[in-house]
Amino acid sequence: MKLVCSKSNLLNGVQIVSKAVSNKTTMSILECILIDASNGTITLTGNDMDLGIETVIEGEILEKGVIALDAKILLEIVRKLPDNDIKIVTDASYKTTITCEKAKFTIIGKSGEDFSYLPVVEKEDSIVVSQFTLKEVVRQTIFSISDNDNNKLMTGELFEINGDELKVVSSDGHRISIRKIQLKQSYSSKKVVVPGKTLNEVSKILPGGADSLVTIYFTPKHIVFEFDNTVVVSRLIEGEYFNIDRMLSSDYETKVRINKKELLNCIDRATLLTKEGERKPIVINITDEVMELRIDSTLGSMNEDIDIEKQGKDLMIGFNPKFLIDALRVIDDEEVDLYMVNPKSPCFIKNEEKNYIYLILPVSLVANYPR
């Protein structure tokens with residue numbers, strides 16, 4: 001194989017597909033990127049058997065061929081080469097020479113025949129969304145997935161389609177994040193659970209243009225994202241996602257409207273007095289026109305008042321401050337509405353259209369927080 005392409009094109013392609021390369025595997029071929037220049041295009045592929053990414057880059061094919069190269073080494077070499085054209089030449093023994101200006105590297109590759117290509121997926125059942133929308137939806141929900149593999153379903157996100165609405169749900173058992181978006185046309189109903197890792201990587205490599213589209217294909221076992229010159233194929237998480245609808249009560253005893261930035265900054269300041277790993281709740285005391293926030297820790301204490309609009313009863317309630325911060329950071333509204341029932345029931349942060357809903361479970365207030 002012999003090909004020439006610009007450093008920027010090659011680096012971008014290698015960075016994209018590297019996100020599907022396995023870091024922990026007993027199969028050395030899965031640590032490689034496949035460079036396939038056998039069919040008139042330069043196609044790069046990474047595949048860890050759960051997630052596969054393929055992208056096509058521009059360049060000149062001087063001699064057709066296929067080679068698998070160690071992803072980590074290839075990425076570091078390309079990253080540190082001069083900003084000029086790069087030539088890649090391989091021989092029958094898989095010895096690969098990479099040259100750029102006066103720099104020359106020689107590494108040993110592997111046979112492309114041993115590489116696992118992306119699975120062939122029937123592309124019949126699909127939806128189309130803007131890249132910007134998909135990137136935003138993932139950003140606004142991904143923080144709520146669980147990092148505990150004991151419940152595999154909670155390490156993914158539910159994608160539920162009903163007509164012209166896409167609902168994305170994530171939960172780690174202590175909070176739930178929901179985003180709803182309107183699609184430009186109606187589709188058949190479906191529910192799948194997409195691994196959080198897949199969505200994280202797709203979000204990173206999506207350019208995110210508002211006018212650029214991504215097509216999402218669904219099969220019983222896989223999901224495929226197609227955009228620009230890139231294809232991402234991922235296994236789905238099998239199983240029935242828990243029923244969130246029964247938790248989404250519209251009843252409330254206390255409703256608070258508050259400036260989002262003020263609330264976020266206040267909670268952020270309060271966490272200055274908590275050590276890493278220290279689980280100290282932030283206590284919120286709601287009265288007629290004021291919300292008092294306070295925290296007591298081994299490092300000291302802090303309290304601050306924020307003006308609010310309140311409907312309903314006074315209330316004192318405690319939360320994990322990180323959960324509040326995570327939700328508030330991804331809400332773009334200037335003001336937010338908080339709905340609460342009592343100190344032991346979830347708090348809902350949602351807008352009137354309910355295109356976002358964040359449910360956060362409270363924490364018990366210990367004895368040193370008198371009522």
# chains A, B, ... in the order shown; residues from 1 in each chain; ligands from 1
call {"tool": "residues_around", "arguments": {"residues": "Ser38 of chain A", "least_positions_apart": "6", "cutoff": "12 Å", "atoms": "only C-alpha atoms", "output": "list in words"}}
result
Met1, Lys2, Leu3, Leu44, Ile61, Leu62, Glu63, Lys64, Gly65, Val66, Ile67 and Gly112 of chain A
call {"tool": "select_by_dssp", "arguments": {"residues": "segment 163-326 of chain A", "states": "strand (DSSP E)", "output": "VMD selection string"}}
result
chain A and resid 163 to 171 175 to 195 213 to 218 222 to 227 230 to 235 254 to 259 282 to 286 290 to 297 300 to 307 309 to 312 315 to 319
call {"tool": "closest_residue", "arguments": {"among": "A:Gly163, A:Pro82, A:Pro195, A:Gly208", "to": "Leu51 of chain A", "atoms": "only C-alpha atoms"}}
result
A:Pro195
call {"tool": "residues_around", "arguments": {"residues": "segment 267-271 of chain A", "least_positions_apart": "3", "cutoff": "9 Å", "atoms": "only C-alpha atoms", "output": "NGL selection string"}}
result
:A and (262-264 or 274-275 or 280 or 282 or 293-295 or 301-304 or 321-322 or 324-325)
call {"tool": "write_last_selection", "arguments": {"atoms": "N, CA and C atoms", "output": "short mmCIF file (atom, residue, chain, number, x, y, z; two decimals), in the first residue's frame"}}
result
data_model
loop_
_atom_site.label_atom_id
_atom_site.label_comp_id
_atom_site.auth_asym_id
_atom_site.auth_seq_id
_atom_site.Cartn_x
_atom_site.Cartn_y
_atom_site.Cartn_z
N GLU A 262 -27.79 32.75 39.68
CA GLU A 262 -27.60 33.03 41.10
C GLU A 262 -27.58 31.75 41.92
N LEU A 263 -28.53 30.86 41.63
CA LEU A 263 -28.60 29.60 42.38
C LEU A 263 -27.37 28.75 42.12
N LEU A 264 -26.97 28.64 40.87
CA LEU A 264 -25.80 27.83 40.52
C LEU A 264 -24.55 28.36 41.18
N THR A 274 -16.36 21.75 51.16
CA THR A 274 -16.47 20.30 51.27
C THR A 274 -15.22 19.64 50.70
N LYS A 275 -14.69 18.69 51.45
CA LYS A 275 -13.55 17.93 50.96
C LYS A 275 -14.03 16.92 49.93
N LYS A 280 -21.64 16.06 52.28
CA LYS A 280 -22.39 17.01 53.09
C LYS A 280 -23.51 17.61 52.24
N ILE A 282 -26.39 20.18 50.92
CA ILE A 282 -26.69 21.60 50.99
C ILE A 282 -28.15 21.71 51.44
N LEU A 293 -29.65 29.10 51.57
CA LEU A 293 -28.84 27.91 51.34
C LEU A 293 -27.71 27.89 52.34
N ARG A 294 -27.49 26.74 52.97
CA ARG A 294 -26.39 26.65 53.93
C ARG A 294 -25.76 25.27 53.90
N ILE A 295 -24.51 25.26 54.28
CA ILE A 295 -23.77 24.00 54.35
C ILE A 295 -22.83 24.07 55.53
N SER A 301 -18.53 26.67 57.65
CA SER A 301 -19.93 26.75 57.26
C SER A 301 -20.15 27.94 56.33
N MET A 302 -21.24 27.92 55.63
CA MET A 302 -21.57 28.99 54.70
C MET A 302 -23.08 29.08 54.60
N ASN A 303 -23.60 30.29 54.56
CA ASN A 303 -25.02 30.45 54.26
C ASN A 303 -25.22 31.70 53.41
N GLU A 304 -26.27 31.66 52.58
CA GLU A 304 -26.53 32.75 51.65
C GLU A 304 -28.01 32.77 51.33
N PRO A 321 -25.18 18.56 46.65
CA PRO A 321 -24.99 19.78 45.84
C PRO A 321 -24.53 19.48 44.41
N LYS A 322 -23.76 18.40 44.23
CA LYS A 322 -23.28 18.07 42.88
C LYS A 322 -24.44 17.80 41.94
N LEU A 324 -27.46 19.03 41.98
CA LEU A 324 -28.07 20.30 41.59
C LEU A 324 -27.20 21.04 40.57
N ILE A 325 -25.91 21.07 40.82
CA ILE A 325 -24.98 21.76 39.92
C ILE A 325 -25.01 21.14 38.53
#
call {"tool": "closest_residue", "arguments": {"among": "A:Glu289, A:Glu226, A:Glu54, A:Asp147", "to": "Gly13 of chain A", "atoms": "only C-alpha atoms"}}
result
A:Glu54
call {"tool": "residues_around", "arguments": {"residues": "Thr96 of chain A", "least_positions_apart": "3", "cutoff": "12 Å", "atoms": "only C-alpha atoms", "output": "PyMOL selection string"}}
result
chain A and resi 1-3+35+65-70+74+87-93+99+104-111
call {"tool": "residues_around", "arguments": {"residues": "Asn200 of chain A", "least_positions_apart": "6", "cutoff": "9 Å", "atoms": "only C-alpha atoms", "output": "PyMOL selection string"}}
result
chain A and resi 138-139+142
call {"tool": "select_by_dssp", "arguments": {"residues": "segment 240-298 of chain A", "states": "helix (DSSP H, G or I)", "output": "PyMOL selection string"}}
result
chain A and resi 245-247+260-273
call {"tool": "closest_residue", "arguments": {"among": "A:Ser6, A:Ser126, A:Gln140, A:Asn23", "to": "Ser177 of chain A", "atoms": "only C-alpha atoms"}}
result
A:Gln140
call {"tool": "residues_around", "arguments": {"residues": "Val21 of chain A", "least_positions_apart": "6", "cutoff": "8 Å", "atoms": "only C-alpha atoms", "output": "ChimeraX atom specification"}}
result
/A:30-33,46-48,71
call {"tool": "write_last_selection", "arguments": {"atoms": "N, CA, C and O atoms", "output": "short mmCIF file (atom, residue, chain, number, x, y, z; two decimals), in the first residue's frame"}}
result
data_model
loop_
_atom_site.label_atom_id
_atom_site.label_comp_id
_atom_site.auth_asym_id
_atom_site.auth_seq_id
_atom_site.Cartn_x
_atom_site.Cartn_y
_atom_site.Cartn_z
N LEU A 30 -7.18 -5.60 18.21
CA LEU A 30 -8.17 -4.62 18.63
C LEU A 30 -7.52 -3.33 19.13
O LEU A 30 -8.20 -2.35 19.39
N GLU A 31 -6.20 -3.33 19.29
CA GLU A 31 -5.47 -2.12 19.66
C GLU A 31 -5.04 -1.34 18.42
O GLU A 31 -4.36 -0.32 18.52
N CYS A 32 -5.48 -1.81 17.27
CA CYS A 32 -5.03 -1.24 15.99
C CYS A 32 -6.13 -0.42 15.32
O CYS A 32 -7.31 -0.57 15.60
N ILE A 33 -5.67 0.44 14.41
CA ILE A 33 -6.55 1.13 13.45
C ILE A 33 -6.31 0.49 12.09
O ILE A 33 -5.16 0.27 11.69
N GLY A 46 -11.75 1.84 13.62
CA GLY A 46 -11.43 1.33 14.95
C GLY A 46 -12.62 0.51 15.42
O GLY A 46 -13.77 0.86 15.15
N ASN A 47 -12.36 -0.60 16.14
CA ASN A 47 -13.46 -1.48 16.54
C ASN A 47 -13.05 -2.28 17.77
O ASN A 47 -12.09 -3.04 17.72
N ASP A 48 -13.79 -2.08 18.87
CA ASP A 48 -13.52 -2.88 20.08
C ASP A 48 -14.56 -3.98 20.28
O ASP A 48 -14.66 -4.56 21.36
N ALA A 71 -2.85 1.80 17.22
CA ALA A 71 -3.54 3.09 17.24
C ALA A 71 -2.78 4.13 18.06
O ALA A 71 -2.66 5.29 17.64
#
call {"tool": "closest_residue", "arguments": {"among": "A:Lys350, A:Asp83, A:Gln131, A:Ser116", "to": "Cys100 of chain A", "atoms": "only C-alpha atoms"}}
result
A:Asp83
call {"tool": "closest_residue", "arguments": {"among": "A:Ile258, A:Leu315, A:Leu365, A:Ile98", "to": "Val341 of chain A", "atoms": "only C-alpha atoms"}}
result
A:Leu315
call {"tool": "residues_around", "arguments": {"residues": "Val120 of chain A", "least_positions_apart": "5", "cutoff": "12 Å", "atoms": "only C-alpha atoms", "output": "ChimeraX atom specification"}}
result
/A:52,219,221-224,231-234
